[in-house]
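Text of target28.txt, listed as compact mmCIF, C-alpha atoms and all ligand atoms:
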# COMPACT_ATOMS: atom_id res chain seq x y z
CA MET A 246 8.67 23.31 -8.13
CA ALA A 247 6.55 22.70 -5.06
CA VAL A 248 7.96 22.80 -1.56
CA VAL A 249 5.19 22.38 1.02
CA GLU A 250 5.84 23.80 4.49
CA LEU A 251 3.64 23.25 7.53
CA ASP A 252 4.51 25.75 10.23
CA ASN A 253 2.93 24.96 13.60
CA LEU A 254 -0.42 24.02 12.01
CA VAL A 255 -3.39 23.70 14.35
CA LYS A 256 -6.91 22.41 13.67
CA ASP A 257 -9.78 22.82 16.11
CA TYR A 258 -13.23 21.32 15.60
CA GLY A 259 -15.16 23.43 18.12
CA ASP A 260 -13.57 22.68 21.48
CA VAL A 261 -11.74 19.64 20.21
CA ARG A 262 -8.18 20.07 18.95
CA ALA A 263 -7.46 17.52 16.21
CA ILE A 264 -4.03 18.83 15.09
CA HIS A 265 -1.70 20.18 17.78
CA GLY A 266 0.88 22.38 16.09
CA VAL A 267 2.46 20.29 13.31
CA SER A 268 5.62 21.54 11.62
CA LEU A 269 7.08 19.80 8.61
CA ARG A 270 8.90 20.56 5.35
CA ILE A 271 8.11 18.46 2.28
CA ASP A 272 10.74 18.97 -0.40
CA ASP A 273 10.14 19.45 -4.10
CA GLY A 274 9.57 16.08 -5.74
CA GLU A 275 9.41 14.24 -2.45
CA PHE A 276 7.02 11.33 -1.85
CA CYS A 277 5.85 11.99 1.68
CA VAL A 278 3.62 9.50 3.51
CA PHE A 279 1.49 10.38 6.54
CA VAL A 280 0.92 7.19 8.52
CA GLY A 281 -0.67 6.46 11.87
CA PRO A 282 -3.63 4.75 13.51
CA SER A 283 -7.21 5.62 12.65
CA GLY A 284 -8.25 9.01 14.05
CA CYS A 285 -4.71 10.39 14.48
CA GLY A 286 -5.37 13.31 12.11
CA LYS A 287 -3.93 12.17 8.76
CA SER A 288 -6.96 13.12 6.67
CA THR A 289 -7.47 16.36 8.58
CA LEU A 290 -3.89 17.43 7.89
CA LEU A 291 -4.13 16.48 4.21
CA ARG A 292 -7.46 18.32 3.84
CA MET A 293 -5.95 21.41 5.45
CA ILE A 294 -3.18 21.32 2.84
CA ALA A 295 -5.76 20.77 0.09
CA GLY A 296 -7.85 23.73 1.22
CA LEU A 297 -10.86 21.56 2.13
CA GLU A 298 -10.58 22.42 5.85
CA ASP A 299 -9.94 25.82 7.38
CA ILE A 300 -6.64 26.21 9.22
CA SER A 301 -7.18 27.23 12.88
CA GLY A 302 -3.59 28.27 13.57
CA GLY A 303 -0.10 28.36 12.11
CA GLU A 304 0.93 28.90 8.50
CA LEU A 305 0.85 26.72 5.39
CA ARG A 306 3.27 27.70 2.62
CA ILE A 307 3.72 26.39 -0.90
CA ASP A 308 6.97 27.46 -2.51
CA GLY A 309 7.43 30.00 0.27
CA ALA A 310 4.06 31.74 -0.21
CA ARG A 311 1.37 31.65 2.50
CA VAL A 312 -1.73 29.86 1.19
CA ASN A 313 -3.92 29.65 4.34
CA GLU A 314 -6.53 31.92 2.80
CA GLN A 315 -6.25 30.60 -0.75
CA ARG A 316 -9.15 28.55 -2.11
CA ALA A 317 -8.61 24.87 -2.88
CA SER A 318 -8.88 25.48 -6.62
CA GLU A 319 -6.15 28.15 -6.51
CA ARG A 320 -3.52 26.07 -4.75
CA GLY A 321 -2.52 23.97 -7.76
CA LEU A 322 -3.12 20.67 -5.96
CA ALA A 323 -5.09 17.59 -6.98
CA MET A 324 -6.51 15.05 -4.57
CA VAL A 325 -7.34 11.35 -4.98
CA PHE A 326 -9.78 9.85 -2.49
CA GLN A 327 -10.36 6.33 -1.21
CA THR A 328 -13.90 6.40 -2.62
CA TYR A 329 -13.05 7.08 -6.24
CA ALA A 330 -15.79 9.72 -6.52
CA LEU A 331 -16.27 9.22 -10.27
CA TYR A 332 -19.39 10.52 -12.05
CA PRO A 333 -21.43 7.36 -12.73
CA HIS A 334 -23.30 8.73 -15.75
CA MET A 335 -20.14 9.84 -17.58
CA THR A 336 -17.71 7.71 -19.55
CA VAL A 337 -14.11 7.41 -18.42
CA ARG A 338 -13.09 9.96 -21.07
CA GLU A 339 -15.75 12.40 -19.84
CA ASN A 340 -14.73 11.84 -16.22
CA LEU A 341 -11.13 12.66 -17.10
CA ALA A 342 -12.03 15.73 -19.15
CA PHE A 343 -14.70 17.18 -16.86
CA GLY A 344 -12.48 19.20 -14.52
CA LEU A 345 -10.58 20.70 -17.45
CA GLU A 346 -13.74 21.65 -19.34
CA ASN A 347 -14.93 23.44 -16.20
CA ILE A 348 -11.91 25.73 -16.28
CA LYS A 349 -12.28 26.25 -20.06
CA THR A 350 -9.15 24.43 -21.15
CA PRO A 351 -8.93 24.37 -25.00
CA LYS A 352 -10.35 21.19 -26.59
CA ASP A 353 -7.12 19.97 -28.21
CA GLU A 354 -5.24 20.49 -24.95
CA ILE A 355 -7.87 18.43 -23.08
CA LYS A 356 -7.53 15.67 -25.67
CA ARG A 357 -3.75 15.63 -25.36
CA ARG A 358 -3.84 15.46 -21.56
CA VAL A 359 -6.57 12.79 -21.43
CA ASP A 360 -4.73 10.63 -23.99
CA ASP A 361 -1.41 11.03 -22.15
CA ALA A 362 -2.94 10.13 -18.79
CA ALA A 363 -4.86 7.19 -20.26
CA ARG A 364 -1.67 5.82 -21.80
CA MET A 365 0.32 6.32 -18.61
CA LEU A 366 -2.31 4.57 -16.48
CA GLN A 367 -3.13 1.89 -19.07
CA ILE A 368 -6.82 2.74 -19.27
CA GLU A 369 -6.87 3.60 -23.01
CA THR A 370 -9.10 0.65 -23.86
CA TYR A 371 -11.73 1.66 -21.26
CA LEU A 372 -12.14 5.29 -22.28
CA ASP A 373 -15.69 4.81 -23.58
CA ARG A 374 -16.94 2.71 -20.65
CA ARG A 375 -18.82 3.99 -17.64
CA PRO A 376 -17.44 3.51 -14.09
CA LYS A 377 -19.80 0.63 -13.29
CA GLN A 378 -18.31 -1.33 -16.19
CA LEU A 379 -14.86 -1.18 -14.55
CA SER A 380 -13.17 -3.19 -11.79
CA GLY A 381 -12.13 -1.48 -8.54
CA GLY A 382 -8.53 -1.18 -9.70
CA GLN A 383 -9.56 0.33 -13.04
CA ARG A 384 -11.80 2.83 -11.27
CA GLN A 385 -8.98 3.87 -8.98
CA ARG A 386 -6.75 4.35 -12.05
CA VAL A 387 -9.38 6.67 -13.52
CA ALA A 388 -9.53 8.60 -10.23
CA ILE A 389 -5.74 9.00 -10.36
CA GLY A 390 -6.00 9.96 -14.04
CA ARG A 391 -8.39 12.74 -13.13
CA ALA A 392 -5.69 14.18 -10.88
CA VAL A 393 -2.96 13.65 -13.49
CA VAL A 394 -4.75 15.59 -16.26
CA ARG A 395 -4.88 18.68 -14.05
CA GLU A 396 -1.05 18.75 -14.03
CA PRO A 397 -1.00 19.84 -10.38
CA ARG A 398 2.00 21.09 -8.46
CA VAL A 399 1.29 18.58 -5.71
CA PHE A 400 -0.66 15.31 -5.65
CA LEU A 401 -2.57 14.46 -2.49
CA PHE A 402 -3.77 10.90 -1.88
CA ASP A 403 -6.06 9.86 1.00
CA GLU A 404 -5.92 6.08 1.45
CA PRO A 405 -6.42 5.51 -2.29
CA LEU A 406 -5.89 1.74 -2.12
CA SER A 407 -7.97 0.85 0.94
CA ASN A 408 -10.95 -0.37 -1.09
CA LEU A 409 -8.89 -2.77 -3.20
CA ASP A 410 -8.08 -6.40 -2.45
CA ALA A 411 -4.62 -7.28 -1.14
CA GLU A 412 -3.17 -8.43 -4.46
CA LEU A 413 -4.36 -5.36 -6.36
CA ARG A 414 -3.05 -3.07 -3.62
CA VAL A 415 0.46 -4.41 -4.23
CA VAL A 416 0.12 -3.78 -7.98
CA MET A 417 -1.30 -0.26 -7.54
CA ARG A 418 1.39 0.55 -4.98
CA GLY A 419 3.97 -0.12 -7.67
CA GLU A 420 2.02 1.89 -10.24
CA ILE A 421 1.74 4.97 -8.02
CA SER A 422 5.46 4.74 -7.25
CA SER A 423 6.32 4.59 -10.95
CA LEU A 424 3.92 7.47 -11.66
CA HIS A 425 5.82 9.49 -9.08
CA HIS A 426 9.12 8.49 -10.67
CA ARG A 427 7.88 9.51 -14.12
CA LEU A 428 6.23 12.82 -13.17
CA GLY A 429 8.64 13.86 -10.43
CA ASN A 430 5.93 15.87 -8.59
CA THR A 431 5.70 16.38 -4.89
CA MET A 432 3.24 13.80 -3.54
CA ILE A 433 1.62 13.53 -0.12
CA TYR A 434 0.05 10.19 0.59
CA VAL A 435 -2.07 9.21 3.59
CA THR A 436 -2.35 5.60 4.75
CA HIS A 437 -2.83 3.59 7.93
CA ASP A 438 -0.85 0.76 6.30
CA GLN A 439 2.74 0.75 7.44
CA VAL A 440 3.78 -1.51 4.54
CA GLU A 441 2.60 1.14 2.05
CA ALA A 442 4.51 3.73 4.04
CA MET A 443 7.73 1.69 4.12
CA THR A 444 7.63 0.74 0.43
CA MET A 445 6.50 4.02 -1.17
CA ALA A 446 7.86 6.88 0.92
CA ASP A 447 10.94 9.03 0.57
CA LYS A 448 9.86 10.43 3.90
CA ILE A 449 7.49 8.86 6.43
CA VAL A 450 5.66 11.06 8.92
CA VAL A 451 4.29 9.01 11.84
CA LEU A 452 1.33 10.75 13.48
CA ARG A 453 -0.41 10.01 16.74
CA ALA A 454 -3.27 12.01 18.27
CA GLY A 455 -2.57 15.07 16.14
CA ILE A 456 1.17 15.33 16.67
CA ILE A 457 4.19 14.10 14.73
CA GLU A 458 5.95 11.30 16.58
CA GLN A 459 8.79 11.04 14.06
CA ALA A 460 9.56 12.01 10.45
CA GLY A 461 12.36 10.67 8.28
CA ALA A 462 13.49 8.12 5.72
CA PRO A 463 11.77 4.73 6.11
CA LEU A 464 14.84 2.76 7.13
CA ASP A 465 16.00 5.48 9.53
CA LEU A 466 12.68 5.21 11.33
CA TYR A 467 12.84 1.43 11.22
CA ASN A 468 16.39 1.27 12.55
CA ARG A 469 16.26 4.19 14.95
CA PRO A 470 12.68 4.74 16.13
CA VAL A 471 12.63 7.64 18.62
CA ASN A 472 10.10 5.97 20.90
CA GLN A 473 8.22 2.78 21.60
CA PHE A 474 5.17 3.91 19.64
CA VAL A 475 7.09 4.34 16.36
CA ALA A 476 9.02 1.12 17.04
CA GLY A 477 5.76 -0.79 17.46
CA PHE A 478 3.97 0.88 14.56
CA LEU A 479 6.51 0.21 11.79
CA GLY A 480 7.28 -3.41 11.03
CA SER A 481 5.09 -6.47 10.60
CA PRO A 482 4.82 -8.60 12.63
CA ARG A 483 5.53 -5.86 15.10
CA MET A 484 8.57 -5.51 17.35
CA ASN A 485 8.65 -7.76 20.44
CA PHE A 486 8.61 -5.92 23.76
CA ILE A 487 9.72 -7.24 27.16
CA GLU A 488 9.24 -5.37 30.43
CA VAL A 489 12.60 -5.19 32.22
CA THR A 490 14.52 -3.50 35.04
CA VAL A 491 17.90 -1.86 34.52
CA VAL A 492 20.79 -3.77 36.12
CA SER A 493 23.63 -1.49 34.98
CA ALA A 494 23.90 1.37 32.52
CA GLU A 495 27.07 2.55 30.77
CA ALA A 496 27.71 4.77 27.77
CA SER A 497 28.53 1.71 25.67
CA GLY A 498 25.59 -0.49 26.64
CA VAL A 499 22.91 -1.33 29.16
CA THR A 500 22.21 -4.61 30.97
CA VAL A 501 18.60 -5.32 31.96
CA ARG A 502 16.71 -8.17 33.62
CA ASP A 503 13.17 -9.50 33.11
CA ALA A 504 10.72 -10.76 35.75
CA ALA A 505 12.09 -14.31 35.47
CA GLY A 506 15.68 -13.15 36.07
CA ASN A 507 16.87 -13.48 32.46
CA GLU A 508 19.47 -10.86 31.59
CA TYR A 509 19.79 -9.01 28.29
CA ARG A 510 22.32 -6.54 26.95
CA ALA A 511 21.48 -3.69 24.54
CA SER A 512 23.99 -1.62 22.54
CA VAL A 513 22.46 1.70 23.58
CA THR A 514 23.78 4.62 25.58
CA GLY A 515 22.76 4.36 29.22
CA ASP A 516 22.51 8.15 29.54
CA GLY A 517 20.12 9.11 32.31
CA LEU A 518 19.39 5.51 33.31
CA ALA A 519 20.23 4.01 36.70
CA GLY A 520 20.06 0.53 38.21
CA GLY A 521 16.48 -0.29 39.22
CA ASP A 522 14.83 1.89 36.54
CA ALA A 523 11.94 0.37 34.61
CA ALA A 524 12.44 -0.01 30.85
CA THR A 525 11.12 -1.95 27.86
CA LEU A 526 13.41 -4.04 25.72
CA GLY A 527 12.54 -4.30 22.02
CA ILE A 528 13.66 -6.71 19.34
CA ARG A 529 12.19 -7.24 15.88
CA PRO A 530 11.00 -10.74 14.87
CA GLU A 531 13.68 -11.03 12.17
CA HIS A 532 16.41 -10.20 14.70
CA LEU A 533 15.40 -12.83 17.23
CA ASP A 534 17.64 -15.81 16.56
CA ILE A 535 16.41 -19.25 17.53
CA ALA A 536 19.11 -21.76 18.41
CA GLU A 537 19.38 -25.20 20.00
CA THR A 538 21.41 -23.94 22.95
CA GLY A 539 22.39 -20.69 24.62
CA GLY A 540 20.35 -17.52 25.01
CA HIS A 541 17.10 -17.75 26.94
CA PRO A 542 14.83 -20.80 26.91
CA VAL A 543 11.38 -20.21 25.41
CA THR A 544 8.38 -22.50 24.90
CA VAL A 545 7.04 -22.82 21.34
CA LEU A 546 3.31 -21.98 21.29
CA SER A 547 2.69 -22.29 17.53
CA ILE A 548 4.44 -22.19 14.18
CA GLU A 549 3.48 -20.88 10.75
CA GLN A 550 5.51 -22.47 7.97
CA LEU A 551 5.21 -20.48 4.75
CA GLY A 552 7.78 -22.57 2.92
CA GLY A 553 10.26 -19.80 2.21
CA ASP A 554 10.22 -18.58 5.79
CA SER A 555 8.57 -19.37 9.12
CA TYR A 556 7.01 -17.54 12.05
CA LEU A 557 7.58 -18.97 15.49
CA TYR A 558 5.29 -17.82 18.30
CA CYS A 559 6.79 -18.53 21.71
CA GLU A 560 6.72 -17.53 25.36
CA THR A 561 9.53 -16.66 27.76
CA LYS A 562 9.81 -18.02 31.30
CA ALA A 563 8.47 -14.63 32.42
CA GLY A 564 5.29 -15.23 30.37
CA THR A 565 6.08 -12.69 27.63
CA LYS A 566 4.95 -13.69 24.15
CA LEU A 567 7.54 -13.34 21.39
CA THR A 568 7.45 -13.71 17.61
CA ALA A 569 10.49 -14.86 15.67
CA HIS A 570 10.73 -14.62 11.88
CA LEU A 571 13.02 -17.37 10.63
CA ALA A 572 14.46 -17.76 7.16
CA GLY A 573 13.52 -21.10 5.61
CA GLN A 574 11.77 -24.01 7.32
CA THR A 575 12.01 -25.31 10.88
CA ALA A 576 11.73 -28.70 12.55
CA LEU A 577 10.48 -27.14 15.80
CA LYS A 578 6.99 -28.11 16.99
CA ARG A 579 4.39 -26.76 19.39
CA GLY A 580 5.49 -27.46 22.99
CA ASP A 581 9.22 -27.68 22.19
CA THR A 582 11.73 -25.68 24.17
CA ALA A 583 13.86 -23.44 21.95
CA HIS A 584 16.55 -20.91 22.76
CA ALA A 585 16.11 -17.27 21.86
CA LEU A 586 19.24 -15.24 21.25
CA PHE A 587 19.01 -11.49 21.73
CA ARG A 588 22.03 -9.94 20.04
CA PRO A 589 22.87 -6.61 21.72
CA ASP A 590 23.40 -4.78 18.41
CA PHE A 591 19.84 -5.63 17.32
CA THR A 592 18.21 -4.83 20.64
CA HIS A 593 16.32 -1.59 21.36
CA LEU A 594 15.63 -0.11 24.78
CA PHE A 595 12.88 2.34 25.77
CA ARG A 596 12.62 4.28 29.02
CA GLY A 597 9.84 3.14 31.33
CA ASP A 598 8.76 6.67 32.27
CA ASN A 599 8.20 8.23 28.83
CA GLY A 600 8.76 5.50 26.23
CA LEU A 601 11.67 7.34 24.60
CA ALA A 602 14.34 5.23 22.93
CA LEU A 603 17.88 5.21 24.29
CA ALA A 604 20.23 6.11 21.43
CA ARG A 605 21.64 3.00 19.74
CA THR A 606 25.43 2.92 19.72
CA VAL A 607 25.53 0.13 17.12
CA VAL A 608 22.72 -0.60 14.69
CA GLY A 609 22.80 -4.16 13.46
CA GLU A 610 21.18 -4.19 10.03
CA ALA A 611 18.99 -7.03 8.89
CA VAL A 612 20.96 -9.72 7.07
N1 LIG B 701 -15.63 17.35 10.79
C1 LIG B 701 -15.16 16.98 12.01
N2 LIG B 701 -15.73 17.41 13.15
C2 LIG B 701 -15.26 17.04 14.35
N3 LIG B 701 -14.21 16.25 14.54
C3 LIG B 701 -13.59 15.76 13.46
C4 LIG B 701 -14.04 16.10 12.12
N4 LIG B 701 -13.22 15.48 11.23
C5 LIG B 701 -12.33 14.77 11.98
N5 LIG B 701 -12.54 14.96 13.29
C6 LIG B 701 -11.76 14.37 14.40
O1 LIG B 701 -10.40 14.68 14.19
C7 LIG B 701 -9.57 13.58 14.51
C8 LIG B 701 -8.74 13.19 13.31
O2 LIG B 701 -9.56 12.65 12.31
P1 LIG B 701 -9.01 12.22 10.88
O3 LIG B 701 -8.09 13.26 10.38
O4 LIG B 701 -10.16 11.85 10.03
O5 LIG B 701 -8.16 10.90 11.26
P2 LIG B 701 -7.45 9.83 10.31
O6 LIG B 701 -7.59 10.28 8.89
O7 LIG B 701 -6.03 9.79 10.79
O8 LIG B 701 -8.13 8.53 10.59
C9 LIG B 701 -10.50 12.46 14.99
O9 LIG B 701 -10.54 12.49 16.38
C10 LIG B 701 -11.83 12.87 14.39
O10 LIG B 701 -12.89 12.39 15.17
MG MG B 702 -8.55 9.36 7.25
Entire entry expressed as structure tokens:
Amino acid sequence: MAVVELDNLVKDYGDVRAIHGVSLRIDDGEFCVFVGPSGCGKSTLLRMIAGLEDISGGELRIDGARVNEQRASERGLAMVFQTYALYPHMTVRENLAFGLENIKTPKDEIKRRVDDAARMLQIETYLDRRPKQLSGGQRQRVAIGRAVVREPRVFLFDEPLSNLDAELRVVMRGEISSLHHRLGNTMIYVTHDQVEAMTMADKIVVLRAGIIEQAGAPLDLYNRPVNQFVAGFLGSPRMNFIEVTVVSAEASGVTVRDAAGNEYRASVTGDGLAGGDAATLGIRPEHLDIAETGGHPVTVLSIEQLGGDSYLYCETKAGTKLTAHLAGQTALKRGDTAHALFRPDFTHLFRGDNGLALARTVVGEAV
């Protein structure tokens, strides 16, 4: 069992506040991902949980017990860093065993745990090598193995895959997910990569400048981002945004107009909006339909044909750049005029004054 609760946590570095009162509950067995741009406080928050940074305010609880004052080694957590931090002069086996020898674990118990971890992480054949005789992926497996052998209540990962090449990152992503599935431990994982967040998390926590913007299941955040920041952060290529003015707002939907006079309709509640208000319309690349007629005319700027699907980069009459993700291949060429269809059920709307999303009355799911 390991429920981790953050209750109004604050971190000050001198006069500078890095974490501004973060509250969050991470359930037992949950895979929780902290994601956000560089400098938003992900590592700081993780290190506060780990006991590597003092907590300036608020309370941190594990299984209901306050641990603010507890030392890192007493919290029952194990952390994996981006820089594997292996001992270069020790073999893989010695690296794995070292932490356990330090706390005087019996020899046969160390052997059992090292063998189990090595089997689980498929590093059995490298046990007698030194770190410099391993590839980056193998080294990262050893670093994870060193956390596994400690049998912690909670695993903490700080950007563990950032030093690996793209292909290996995908493989390791899958391996960490299956490790979580097998062990069932609570895991807290920090990344700036929204694809890792979407694919690995039970719960994503989006951070910005030391506060939580939104926390929830990946697809809930994807389908119902609470504000323009979350909408733009999750999804690649990112959501298209168009500056608009409200024409009319009803409970069942809102009509808006862009600078070139094109009108759009969004299936969102118009609560608190009035004609003339500034807003930002949002639509994801995969929801922007490109047709031969209808919709709004756009000029094709460039095309990427990947074979299985295509990306169309185009521009509206108002000069706004849009990206469309099309299934399959397209005959469109640079300079062509195409027609972009904005279906109301797939269209988001954000208030101009504070960036908050208007609640969606219908959420069209990707098909
Ligand atoms: N030891 C420190 N002293 C002063 N400021 C720090 C220290 N560590 C981090 N910060 C600041 O706290 C903020 C959050 O940093 P960090 O948690 O490392 O961000 P992230 O991991 O999301 O990239 C940044 O503004 C950073 O400059
Ligand atoms: Mg960091």
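Between ligand MG 702 (chain B) and the residues A:Met324, A:Ala310, A:Val280, A:Leu551, the shortest atom-to-atom distance, using all atoms listed in the file, involves A:Val280.
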Mind running chain A against ligand MG 702 (chain B) at 7 Å and telling me each contacting residue's nearest atom pair with the distance in Å (one decimal), counting only C-alpha atoms and all ligand atoms, chain and number ascending, as a Markdown table?
| residue | atom | partner | partner_atom | distance |
| --- | --- | --- | --- | --- |
| A:Ser283 | CA | B:MG702 | MG | 6.7 |
| A:Gly284 | CA | B:MG702 | MG | 6.8 |
| A:Lys287 | CA | B:MG702 | MG | 5.6 |
| A:Ser288 | CA | B:MG702 | MG | 4.1 |
| A:Asp403 | CA | B:MG702 | MG | 6.7 |
Residues within 9 Å of ligand LIG 701 (chain B), counting all atoms listed in the file, as a PyMOL selection string: chain A and resi 256-259+261-264+279-292+298+403-404+435-437+452-455
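Nearest residue to Ala392 (chain A), choosing from A:Pro463, A:Pro376, A:Gly321, A:Gly419 and counting only C-alpha atoms: A:Gly321.
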All residues 8 Å or closer to Pro470 (chain A), only C-alpha atoms, same chain fewer than 4 positions away omitted, as a PDB file with C-alpha atoms, keeping the file's coordinate frame:
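Saved the output as result-v9.pdb:
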ATOM      1  CA  GLN A 459       8.790  11.040  14.060  1.00  0.00           C
ATOM      2  CA  ASP A 465      16.000   5.480   9.530  1.00  0.00           C
ATOM      3  CA  LEU A 466      12.680   5.210  11.330  1.00  0.00           C
ATOM      4  CA  VAL A 475       7.090   4.340  16.360  1.00  0.00           C
ATOM      5  CA  ALA A 476       9.020   1.120  17.040  1.00  0.00           C
ATOM      6  CA  ALA A 602      14.340   5.230  22.930  1.00  0.00           C
TER       7      ALA A 602
END
Counting only C-alpha atoms, the residue of A:Glu396, A:Glu495, A:Asp299, A:Asp581 that sits nearest Thr431 (chain A): A:Glu396
Atomic separation - CA of Ile449 (chain A) relative to CA of Ile307 (chain A), Å: 19.4 Å
Serialized region 274-297 of chain A w/ N, CA and C atoms as an mmCIF file, in the first residue's frame:
data_model
loop_
_atom_site.group_PDB
_atom_site.id
_atom_site.type_symbol
_atom_site.label_atom_id
_atom_site.label_comp_id
_atom_site.auth_asym_id
_atom_site.auth_seq_id
_atom_site.Cartn_x
_atom_site.Cartn_y
_atom_site.Cartn_z
ATOM 1 N N GLY A 274 -0.908 2.162 -6.224
ATOM 2 C CA GLY A 274 -0.773 1.455 -7.494
ATOM 3 C C GLY A 274 -0.923 2.329 -8.723
ATOM 4 N N GLU A 275 -1.122 3.614 -8.515
ATOM 5 C CA GLU A 275 -1.345 4.496 -9.653
ATOM 6 C C GLU A 275 -0.022 4.837 -10.347
ATOM 7 N N PHE A 276 -0.059 5.003 -11.661
ATOM 8 C CA PHE A 276 1.077 5.523 -12.415
ATOM 9 C C PHE A 276 0.763 6.980 -12.710
ATOM 10 N N CYS A 277 1.442 7.862 -11.964
ATOM 11 C CA CYS A 277 1.133 9.287 -12.039
ATOM 12 C C CYS A 277 2.281 9.999 -12.746
ATOM 13 N N VAL A 278 1.977 10.775 -13.759
ATOM 14 C CA VAL A 278 3.018 11.473 -14.526
ATOM 15 C C VAL A 278 2.906 12.979 -14.314
ATOM 16 N N PHE A 279 4.012 13.589 -13.873
ATOM 17 C CA PHE A 279 4.105 15.052 -13.813
ATOM 18 C C PHE A 279 4.678 15.518 -15.143
ATOM 19 N N VAL A 280 3.956 16.375 -15.843
ATOM 20 C CA VAL A 280 4.439 16.848 -17.134
ATOM 21 C C VAL A 280 4.295 18.364 -17.185
ATOM 22 N N GLY A 281 5.157 18.996 -17.950
ATOM 23 C CA GLY A 281 5.092 20.453 -18.093
ATOM 24 C C GLY A 281 6.388 20.938 -18.689
ATOM 25 N N PRO A 282 6.426 22.205 -19.098
ATOM 26 C CA PRO A 282 7.636 22.732 -19.732
ATOM 27 C C PRO A 282 8.806 22.794 -18.762
ATOM 28 N N SER A 283 9.996 22.936 -19.314
ATOM 29 C CA SER A 283 11.208 23.014 -18.500
ATOM 30 C C SER A 283 11.086 24.151 -17.481
ATOM 31 N N GLY A 284 11.473 23.875 -16.236
ATOM 32 C CA GLY A 284 11.456 24.908 -15.200
ATOM 33 C C GLY A 284 10.135 25.070 -14.475
ATOM 34 N N CYS A 285 9.144 24.222 -14.771
ATOM 35 C CA CYS A 285 7.817 24.410 -14.157
ATOM 36 C C CYS A 285 7.749 23.833 -12.746
ATOM 37 N N GLY A 286 8.780 23.063 -12.327
ATOM 38 C CA GLY A 286 8.797 22.568 -10.957
ATOM 39 C C GLY A 286 8.614 21.061 -10.809
ATOM 40 N N LYS A 287 8.690 20.320 -11.906
ATOM 41 C CA LYS A 287 8.477 18.872 -11.852
ATOM 42 C C LYS A 287 9.506 18.184 -10.956
ATOM 43 N N SER A 288 10.797 18.478 -11.229
ATOM 44 C CA SER A 288 11.860 17.819 -10.450
ATOM 45 C C SER A 288 11.804 18.256 -9.000
ATOM 46 N N THR A 289 11.542 19.536 -8.771
ATOM 47 C CA THR A 289 11.468 20.042 -7.400
ATOM 48 C C THR A 289 10.396 19.279 -6.620
ATOM 49 N N LEU A 290 9.235 19.128 -7.224
ATOM 50 C CA LEU A 290 8.136 18.445 -6.545
ATOM 51 C C LEU A 290 8.491 16.978 -6.265
ATOM 52 N N LEU A 291 9.106 16.326 -7.249
ATOM 53 C CA LEU A 291 9.493 14.924 -7.078
ATOM 54 C C LEU A 291 10.547 14.786 -5.977
ATOM 55 N N ARG A 292 11.505 15.719 -5.958
ATOM 56 C CA ARG A 292 12.575 15.670 -4.955
ATOM 57 C C ARG A 292 12.044 15.977 -3.555
ATOM 58 N N MET A 293 11.000 16.783 -3.482
ATOM 59 C CA MET A 293 10.360 17.020 -2.179
ATOM 60 C C MET A 293 9.696 15.732 -1.680
ATOM 61 N N ILE A 294 9.087 14.999 -2.586
ATOM 62 C CA ILE A 294 8.460 13.727 -2.211
ATOM 63 C C ILE A 294 9.545 12.735 -1.788
ATOM 64 N N ALA A 295 10.655 12.739 -2.536
ATOM 65 C CA ALA A 295 11.744 11.798 -2.262
ATOM 66 C C ALA A 295 12.461 12.088 -0.949
ATOM 67 N N GLY A 296 12.366 13.338 -0.493
ATOM 68 C CA GLY A 296 13.121 13.713 0.714
ATOM 69 C C GLY A 296 14.476 14.301 0.377
ATOM 70 N N LEU A 297 14.688 14.672 -0.880
ATOM 71 C CA LEU A 297 15.962 15.272 -1.298
ATOM 72 C C LEU A 297 15.916 16.793 -1.236
#
